[in-house]
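Student: Below is the file data.pdb, with PDB, N, CA and C atoms.
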```pdb
MODEL        1
ATOM      1  N   MET A   1     147.624 146.951  68.049
ATOM      2  CA  MET A   1     146.949 146.420  69.226
ATOM      3  C   MET A   1     146.014 147.512  69.762
ATOM      4  N   SER A   2     144.775 147.143  70.010
ATOM      5  CA  SER A   2     143.797 148.114  70.507
ATOM      6  C   SER A   2     144.043 148.413  71.982
ATOM      7  N   LEU A   3     143.464 149.514  72.451
ATOM      8  CA  LEU A   3     143.583 149.881  73.856
ATOM      9  C   LEU A   3     143.023 148.773  74.748
ATOM     10  N   GLU A   4     141.928 148.185  74.320
ATOM     11  CA  GLU A   4     141.335 147.094  75.103
ATOM     12  C   GLU A   4     142.308 145.927  75.206
ATOM     13  N   ASP A   5     142.950 145.573  74.121
ATOM     14  CA  ASP A   5     143.936 144.484  74.136
ATOM     15  C   ASP A   5     145.105 144.814  75.058
ATOM     16  N   VAL A   6     145.582 146.051  74.980
ATOM     17  CA  VAL A   6     146.694 146.481  75.827
ATOM     18  C   VAL A   6     146.286 146.404  77.293
ATOM     19  N   PHE A   7     145.100 146.910  77.609
ATOM     20  CA  PHE A   7     144.625 146.894  78.990
ATOM     21  C   PHE A   7     144.575 145.469  79.534
ATOM     22  N   PHE A   8     143.948 144.564  78.793
ATOM     23  CA  PHE A   8     143.795 143.209  79.297
ATOM     24  C   PHE A   8     145.122 142.455  79.347
ATOM     25  N   GLU A   9     146.056 142.795  78.503
ATOM     26  CA  GLU A   9     147.392 142.214  78.602
ATOM     27  C   GLU A   9     148.090 142.704  79.870
ATOM     28  N   LYS A  10     147.946 144.004  80.159
ATOM     29  CA  LYS A  10     148.547 144.561  81.376
ATOM     30  C   LYS A  10     147.890 143.955  82.619
ATOM     31  N   MET A  11     146.582 143.747  82.573
ATOM     32  CA  MET A  11     145.892 143.112  83.695
ATOM     33  C   MET A  11     146.397 141.688  83.896
ATOM     34  N   ARG A  12     146.587 140.959  82.802
ATOM     35  CA  ARG A  12     147.095 139.592  82.896
ATOM     36  C   ARG A  12     148.481 139.589  83.561
ATOM     37  N   GLU A  13     149.325 140.529  83.139
ATOM     38  CA  GLU A  13     150.666 140.632  83.730
ATOM     39  C   GLU A  13     150.588 140.971  85.212
ATOM     40  N   TRP A  14     149.674 141.880  85.580
ATOM     41  CA  TRP A  14     149.541 142.277  86.978
ATOM     42  C   TRP A  14     149.029 141.113  87.826
ATOM     43  N   LYS A  15     148.066 140.355  87.294
ATOM     44  CA  LYS A  15     147.566 139.189  88.026
ATOM     45  C   LYS A  15     148.694 138.197  88.298
ATOM     46  N   LEU A  16     149.541 137.982  87.296
ATOM     47  CA  LEU A  16     150.684 137.079  87.484
ATOM     48  C   LEU A  16     151.619 137.612  88.567
ATOM     49  N   HIS A  17     151.842 138.925  88.535
ATOM     50  CA  HIS A  17     152.678 139.540  89.568
ATOM     51  C   HIS A  17     152.058 139.327  90.950
ATOM     52  N   CYS A  18     150.756 139.594  91.067
ATOM     53  CA  CYS A  18     150.074 139.435  92.357
ATOM     54  C   CYS A  18     150.170 137.999  92.851
ATOM     55  N   LYS A  19     150.030 137.068  91.944
ATOM     56  CA  LYS A  19     150.132 135.665  92.330
ATOM     57  C   LYS A  19     151.545 135.342  92.822
ATOM     58  N   SER A  20     152.543 135.954  92.197
ATOM     59  CA  SER A  20     153.930 135.657  92.570
ATOM     60  C   SER A  20     154.311 136.208  93.944
ATOM     61  N   ILE A  21     153.557 137.176  94.439
ATOM     62  CA  ILE A  21     153.857 137.774  95.751
ATOM     63  C   ILE A  21     152.700 137.556  96.724
ATOM     64  N   SER A  22     151.879 136.577  96.462
ATOM     65  CA  SER A  22     150.649 136.390  97.238
ATOM     66  C   SER A  22     150.875 136.170  98.727
ATOM     67  N   TYR A  23     152.077 135.806  99.127
ATOM     68  CA  TYR A  23     152.348 135.604 100.547
ATOM     69  C   TYR A  23     152.937 136.838 101.216
ATOM     70  N   SER A  24     153.020 137.927 100.485
ATOM     71  CA  SER A  24     153.567 139.153 101.048
ATOM     72  C   SER A  24     152.570 139.773 102.026
ATOM     73  N   TYR A  25     153.065 140.227 103.147
ATOM     74  CA  TYR A  25     152.219 140.908 104.133
ATOM     75  C   TYR A  25     152.061 142.393 103.817
ATOM     76  N   ASN A  26     152.872 142.899 102.897
ATOM     77  CA  ASN A  26     152.881 144.323 102.583
ATOM     78  C   ASN A  26     151.976 144.619 101.387
ATOM     79  N   PRO A  27     150.866 145.341 101.592
ATOM     80  CA  PRO A  27     149.955 145.627 100.479
ATOM     81  C   PRO A  27     150.588 146.466  99.365
ATOM     82  N   ARG A  28     151.629 147.219  99.687
ATOM     83  CA  ARG A  28     152.296 148.019  98.650
ATOM     84  C   ARG A  28     152.946 147.146  97.588
ATOM     85  N   ASP A  29     153.292 145.929  97.946
ATOM     86  CA  ASP A  29     153.906 145.026  96.974
ATOM     87  C   ASP A  29     152.993 144.774  95.779
ATOM     88  N   TYR A  30     151.689 144.908  95.985
ATOM     89  CA  TYR A  30     150.731 144.670  94.910
ATOM     90  C   TYR A  30     150.638 145.835  93.934
ATOM     91  N   ILE A  31     150.929 147.044  94.410
ATOM     92  CA  ILE A  31     150.769 148.212  93.538
ATOM     93  C   ILE A  31     152.067 148.942  93.233
ATOM     94  N   ASP A  32     153.122 148.620  93.934
ATOM     95  CA  ASP A  32     154.411 149.278  93.699
ATOM     96  C   ASP A  32     155.251 148.396  92.768
ATOM     97  N   CYS A  33     154.760 148.263  91.522
ATOM     98  CA  CYS A  33     155.418 147.397  90.553
ATOM     99  C   CYS A  33     155.162 147.942  89.147
ATOM    100  N   HIS A  34     155.979 147.537  88.208
ATOM    101  CA  HIS A  34     155.825 148.076  86.855
ATOM    102  C   HIS A  34     154.564 147.549  86.172
ATOM    103  N   GLU A  35     154.054 146.384  86.588
ATOM    104  CA  GLU A  35     152.821 145.859  85.997
ATOM    105  C   GLU A  35     151.633 146.764  86.317
ATOM    106  N   TYR A  36     151.518 147.155  87.564
ATOM    107  CA  TYR A  36     150.429 148.059  87.975
ATOM    108  C   TYR A  36     150.627 149.440  87.363
ATOM    109  N   ALA A  37     151.855 149.907  87.348
ATOM    110  CA  ALA A  37     152.155 151.221  86.763
ATOM    111  C   ALA A  37     151.757 151.264  85.293
ATOM    112  N   GLY A  38     151.905 150.142  84.602
ATOM    113  CA  GLY A  38     151.501 150.087  83.196
ATOM    114  C   GLY A  38     150.010 150.304  83.021
ATOM    115  N   ILE A  39     149.215 149.796  83.938
ATOM    116  CA  ILE A  39     147.762 150.009  83.894
ATOM    117  C   ILE A  39     147.456 151.470  84.186
ATOM    118  N   VAL A  40     148.070 152.009  85.214
ATOM    119  CA  VAL A  40     147.849 153.408  85.597
ATOM    120  C   VAL A  40     148.254 154.344  84.454
ATOM    121  N   LYS A  41     149.322 154.011  83.771
ATOM    122  CA  LYS A  41     149.829 154.846  82.690
ATOM    123  C   LYS A  41     148.836 154.974  81.529
ATOM    124  N   LEU A  42     147.923 154.036  81.411
ATOM    125  CA  LEU A  42     146.905 154.120  80.360
ATOM    126  C   LEU A  42     145.945 155.286  80.599
ATOM    127  N   GLY A  43     145.864 155.726  81.836
ATOM    128  CA  GLY A  43     145.075 156.912  82.173
ATOM    129  C   GLY A  43     143.569 156.709  82.062
ATOM    130  N   LYS A  44     142.893 157.814  81.874
ATOM    131  CA  LYS A  44     141.429 157.824  81.838
ATOM    132  C   LYS A  44     140.858 156.957  80.728
ATOM    133  N   ARG A  45     141.630 156.756  79.688
ATOM    134  CA  ARG A  45     141.144 155.943  78.568
ATOM    135  C   ARG A  45     140.845 154.507  79.008
ATOM    136  N   ALA A  46     141.471 154.079  80.089
ATOM    137  CA  ALA A  46     141.285 152.701  80.563
ATOM    138  C   ALA A  46     140.077 152.547  81.486
ATOM    139  N   LEU A  47     139.468 153.641  81.904
ATOM    140  CA  LEU A  47     138.364 153.556  82.878
ATOM    141  C   LEU A  47     137.230 152.627  82.443
ATOM    142  N   PRO A  48     136.783 152.660  81.198
ATOM    143  CA  PRO A  48     135.705 151.725  80.821
ATOM    144  C   PRO A  48     136.101 150.256  81.020
ATOM    145  N   PHE A  49     137.349 149.941  80.767
ATOM    146  CA  PHE A  49     137.811 148.566  80.929
ATOM    147  C   PHE A  49     137.963 148.203  82.404
ATOM    148  N   ILE A  50     138.358 149.169  83.213
ATOM    149  CA  ILE A  50     138.443 148.942  84.656
ATOM    150  C   ILE A  50     137.049 148.675  85.210
ATOM    151  N   ARG A  51     136.090 149.490  84.790
ATOM    152  CA  ARG A  51     134.703 149.274  85.240
ATOM    153  C   ARG A  51     134.206 147.905  84.800
ATOM    154  N   MET A  52     134.510 147.537  83.562
ATOM    155  CA  MET A  52     134.101 146.240  83.042
ATOM    156  C   MET A  52     134.717 145.110  83.875
ATOM    157  N   THR A  53     135.964 145.274  84.248
ATOM    158  CA  THR A  53     136.657 144.263  85.036
ATOM    159  C   THR A  53     136.029 144.130  86.419
ATOM    160  N   TYR A  54     135.751 145.270  87.072
ATOM    161  CA  TYR A  54     135.139 145.220  88.400
ATOM    162  C   TYR A  54     133.765 144.569  88.376
ATOM    163  N   SER A  55     133.015 144.798  87.327
ATOM    164  CA  SER A  55     131.659 144.256  87.283
ATOM    165  C   SER A  55     131.637 142.784  86.902
ATOM    166  N   SER A  56     132.770 142.238  86.451
ATOM    167  CA  SER A  56     132.739 140.857  85.987
ATOM    168  C   SER A  56     133.689 139.909  86.711
ATOM    169  N   PHE A  57     134.595 140.425  87.541
ATOM    170  CA  PHE A  57     135.554 139.496  88.140
ATOM    171  C   PHE A  57     135.048 138.913  89.451
ATOM    172  N   ASP A  58     135.510 137.712  89.697
ATOM    173  CA  ASP A  58     135.236 137.016  90.940
ATOM    174  C   ASP A  58     136.411 137.325  91.869
ATOM    175  N   GLU A  59     136.156 138.025  92.956
ATOM    176  CA  GLU A  59     137.220 138.491  93.834
ATOM    177  C   GLU A  59     138.144 137.355  94.282
ATOM    178  N   ILE A  60     137.579 136.226  94.574
ATOM    179  CA  ILE A  60     138.393 135.113  95.039
ATOM    180  C   ILE A  60     139.309 134.615  93.915
ATOM    181  N   ALA A  61     138.815 134.598  92.699
ATOM    182  CA  ALA A  61     139.631 134.143  91.559
ATOM    183  C   ALA A  61     140.663 135.182  91.170
ATOM    184  N   PHE A  62     140.351 136.466  91.392
ATOM    185  CA  PHE A  62     141.255 137.526  90.963
ATOM    186  C   PHE A  62     142.497 137.613  91.838
ATOM    187  N   PHE A  63     142.306 137.628  93.136
ATOM    188  CA  PHE A  63     143.434 137.743  94.048
ATOM    189  C   PHE A  63     143.742 136.395  94.670
ATOM    190  N   PRO A  64     144.977 135.966  94.505
ATOM    191  CA  PRO A  64     145.364 134.648  95.029
ATOM    192  C   PRO A  64     145.337 134.606  96.545
TER     193      PRO A  64
ENDMDL
END
```
Give the structure from the file, written as structure tokens.
Tutor:
Amino acid sequence: MSLEDVFFEKMREWKLHCKSISYSYNPRDYIDCHEYAGIVKLGKRALPFIRMTYSSFDEIAFFP
């Protein structure tokens, strides 16, 4: 599995997590989870994919 595939799989998992806690008032719930940690763990190698994601996602569609 390529780094790009791993990154986008981790993003998919994180989006599902965010959707599952979308009614939480605590913003830490979005980043204090193993799904987000998996993205962070990819380190600097993931930066091009993060930039690509920011330039192409629709904010309303991304966060529930």
Student: Name the residues captured by the PyMOL selection byres (((chain A and resi 3-7 and name CA) around 8) and name CA) when it is applied to the shown file; answer as an mmCIF file with N, CA and C atoms, keeping the file's coordinate frame.
Tutor:
```
data_model
loop_
_atom_site.group_PDB
_atom_site.id
_atom_site.type_symbol
_atom_site.label_atom_id
_atom_site.label_comp_id
_atom_site.auth_asym_id
_atom_site.auth_seq_id
_atom_site.Cartn_x
_atom_site.Cartn_y
_atom_site.Cartn_z
ATOM 1 N N MET A 1 147.624 146.951 68.049
ATOM 2 C CA MET A 1 146.949 146.420 69.226
ATOM 3 C C MET A 1 146.014 147.512 69.762
ATOM 4 N N SER A 2 144.775 147.143 70.010
ATOM 5 C CA SER A 2 143.797 148.114 70.507
ATOM 6 C C SER A 2 144.043 148.413 71.982
ATOM 7 N N PHE A 8 143.948 144.564 78.793
ATOM 8 C CA PHE A 8 143.795 143.209 79.297
ATOM 9 C C PHE A 8 145.122 142.455 79.347
ATOM 10 N N GLU A 9 146.056 142.795 78.503
ATOM 11 C CA GLU A 9 147.392 142.214 78.602
ATOM 12 C C GLU A 9 148.090 142.704 79.870
ATOM 13 N N LYS A 10 147.946 144.004 80.159
ATOM 14 C CA LYS A 10 148.547 144.561 81.376
ATOM 15 C C LYS A 10 147.890 143.955 82.619
ATOM 16 N N MET A 11 146.582 143.747 82.573
ATOM 17 C CA MET A 11 145.892 143.112 83.695
ATOM 18 C C MET A 11 146.397 141.688 83.896
ATOM 19 N N ILE A 39 149.215 149.796 83.938
ATOM 20 C CA ILE A 39 147.762 150.009 83.894
ATOM 21 C C ILE A 39 147.456 151.470 84.186
ATOM 22 N N LEU A 42 147.923 154.036 81.411
ATOM 23 C CA LEU A 42 146.905 154.120 80.360
ATOM 24 C C LEU A 42 145.945 155.286 80.599
ATOM 25 N N ALA A 46 141.471 154.079 80.089
ATOM 26 C CA ALA A 46 141.285 152.701 80.563
ATOM 27 C C ALA A 46 140.077 152.547 81.486
ATOM 28 N N PHE A 49 137.349 149.941 80.767
ATOM 29 C CA PHE A 49 137.811 148.566 80.929
ATOM 30 C C PHE A 49 137.963 148.203 82.404
#
```
Student: How many Å separate atom CA of A:Glu35 from atom CA of A:Trp14?
Tutor: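 Between atom CA of A:Glu35 and atom CA of A:Trp14 the gap is 5.0 Å.
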Student: Distance atom C of A:Ser55-atom CA of A:Tyr25, one decimal place?
Tutor: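 One can read the atom C of A:Ser55 to atom CA of A:Tyr25 distance as 26.9 Å.
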Student: Quick check, in Å to one decimal: how far apart do atom CA of A:Ser24 and atom CA of A:Ser56 lie?
Tutor: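 Atom-to-atom, atom CA of A:Ser24 to atom CA of A:Ser56, that is 25.8 Å.
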Student: I need the residues in stretch 4-47 of chain A that are alpha helix (DSSP H) according to DSSP; give them as a ChimeraX atom specification.
Tutor: /A:4-20,28-31,34-41,47
Student: Where atoms are absent from stretch 34-60 of chain A, fill them in so it carries N, CA, C and O atoms, then output it as a CSV table (one decimal), keeping the file's coordinate frame.
Tutor:
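Written output follows (part.csv):
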```
chain,number,residue,atom,x,y,z
A,34,HIS,N,156.0,147.5,88.2
A,34,HIS,CA,155.8,148.1,86.9
A,34,HIS,C,154.6,147.5,86.2
A,34,HIS,O,154.0,148.2,85.3
A,35,GLU,N,154.1,146.4,86.6
A,35,GLU,CA,152.8,145.9,86.0
A,35,GLU,C,151.6,146.8,86.3
A,35,GLU,O,150.9,147.1,85.4
A,36,TYR,N,151.5,147.2,87.6
A,36,TYR,CA,150.4,148.1,88.0
A,36,TYR,C,150.6,149.4,87.4
A,36,TYR,O,149.7,150.1,86.9
A,37,ALA,N,151.9,149.9,87.3
A,37,ALA,CA,152.2,151.2,86.8
A,37,ALA,C,151.8,151.3,85.3
A,37,ALA,O,151.3,152.3,84.8
A,38,GLY,N,151.9,150.1,84.6
A,38,GLY,CA,151.5,150.1,83.2
A,38,GLY,C,150.0,150.3,83.0
A,38,GLY,O,149.6,150.9,82.1
A,39,ILE,N,149.2,149.8,83.9
A,39,ILE,CA,147.8,150.0,83.9
A,39,ILE,C,147.5,151.5,84.2
A,39,ILE,O,146.7,152.1,83.5
A,40,VAL,N,148.1,152.0,85.2
A,40,VAL,CA,147.8,153.4,85.6
A,40,VAL,C,148.3,154.3,84.5
A,40,VAL,O,147.6,155.3,84.2
A,41,LYS,N,149.3,154.0,83.8
A,41,LYS,CA,149.8,154.8,82.7
A,41,LYS,C,148.8,155.0,81.5
A,41,LYS,O,148.9,155.9,80.8
A,42,LEU,N,147.9,154.0,81.4
A,42,LEU,CA,146.9,154.1,80.4
A,42,LEU,C,145.9,155.3,80.6
A,42,LEU,O,145.3,155.7,79.7
A,43,GLY,N,145.9,155.7,81.8
A,43,GLY,CA,145.1,156.9,82.2
A,43,GLY,C,143.6,156.7,82.1
A,43,GLY,O,143.1,155.6,82.1
A,44,LYS,N,142.9,157.8,81.9
A,44,LYS,CA,141.4,157.8,81.8
A,44,LYS,C,140.9,157.0,80.7
A,44,LYS,O,139.7,156.5,80.8
A,45,ARG,N,141.6,156.8,79.7
A,45,ARG,CA,141.1,155.9,78.6
A,45,ARG,C,140.8,154.5,79.0
A,45,ARG,O,140.1,153.8,78.4
A,46,ALA,N,141.5,154.1,80.1
A,46,ALA,CA,141.3,152.7,80.6
A,46,ALA,C,140.1,152.5,81.5
A,46,ALA,O,139.7,151.4,81.8
A,47,LEU,N,139.5,153.6,81.9
A,47,LEU,CA,138.4,153.6,82.9
A,47,LEU,C,137.2,152.6,82.4
A,47,LEU,O,136.7,151.8,83.3
A,48,PRO,N,136.8,152.7,81.2
A,48,PRO,CA,135.7,151.7,80.8
A,48,PRO,C,136.1,150.3,81.0
A,48,PRO,O,135.3,149.4,81.4
A,49,PHE,N,137.3,149.9,80.8
A,49,PHE,CA,137.8,148.6,80.9
A,49,PHE,C,138.0,148.2,82.4
A,49,PHE,O,137.7,147.1,82.8
A,50,ILE,N,138.4,149.2,83.2
A,50,ILE,CA,138.4,148.9,84.7
A,50,ILE,C,137.0,148.7,85.2
A,50,ILE,O,136.8,147.7,86.0
A,51,ARG,N,136.1,149.5,84.8
A,51,ARG,CA,134.7,149.3,85.2
A,51,ARG,C,134.2,147.9,84.8
A,51,ARG,O,133.5,147.2,85.6
A,52,MET,N,134.5,147.5,83.6
A,52,MET,CA,134.1,146.2,83.0
A,52,MET,C,134.7,145.1,83.9
A,52,MET,O,134.1,144.1,84.2
A,53,THR,N,136.0,145.3,84.2
A,53,THR,CA,136.7,144.3,85.0
A,53,THR,C,136.0,144.1,86.4
A,53,THR,O,135.8,143.0,86.9
A,54,TYR,N,135.8,145.3,87.1
A,54,TYR,CA,135.1,145.2,88.4
A,54,TYR,C,133.8,144.6,88.4
A,54,TYR,O,133.4,143.9,89.3
A,55,SER,N,133.0,144.8,87.3
A,55,SER,CA,131.7,144.3,87.3
A,55,SER,C,131.6,142.8,86.9
A,55,SER,O,130.6,142.1,87.1
A,56,SER,N,132.8,142.2,86.5
A,56,SER,CA,132.7,140.9,86.0
A,56,SER,C,133.7,139.9,86.7
A,56,SER,O,133.6,138.7,86.5
A,57,PHE,N,134.6,140.4,87.5
A,57,PHE,CA,135.6,139.5,88.1
A,57,PHE,C,135.0,138.9,89.5
A,57,PHE,O,134.3,139.5,90.2
A,58,ASP,N,135.5,137.7,89.7
A,58,ASP,CA,135.2,137.0,90.9
A,58,ASP,C,136.4,137.3,91.9
A,58,ASP,O,137.5,136.9,91.6
A,59,GLU,N,136.2,138.0,93.0
A,59,GLU,CA,137.2,138.5,93.8
A,59,GLU,C,138.1,137.4,94.3
A,59,GLU,O,139.3,137.5,94.3
A,60,ILE,N,137.6,136.2,94.6
A,60,ILE,CA,138.4,135.1,95.0
A,60,ILE,C,139.3,134.6,93.9
A,60,ILE,O,140.5,134.3,94.1
```
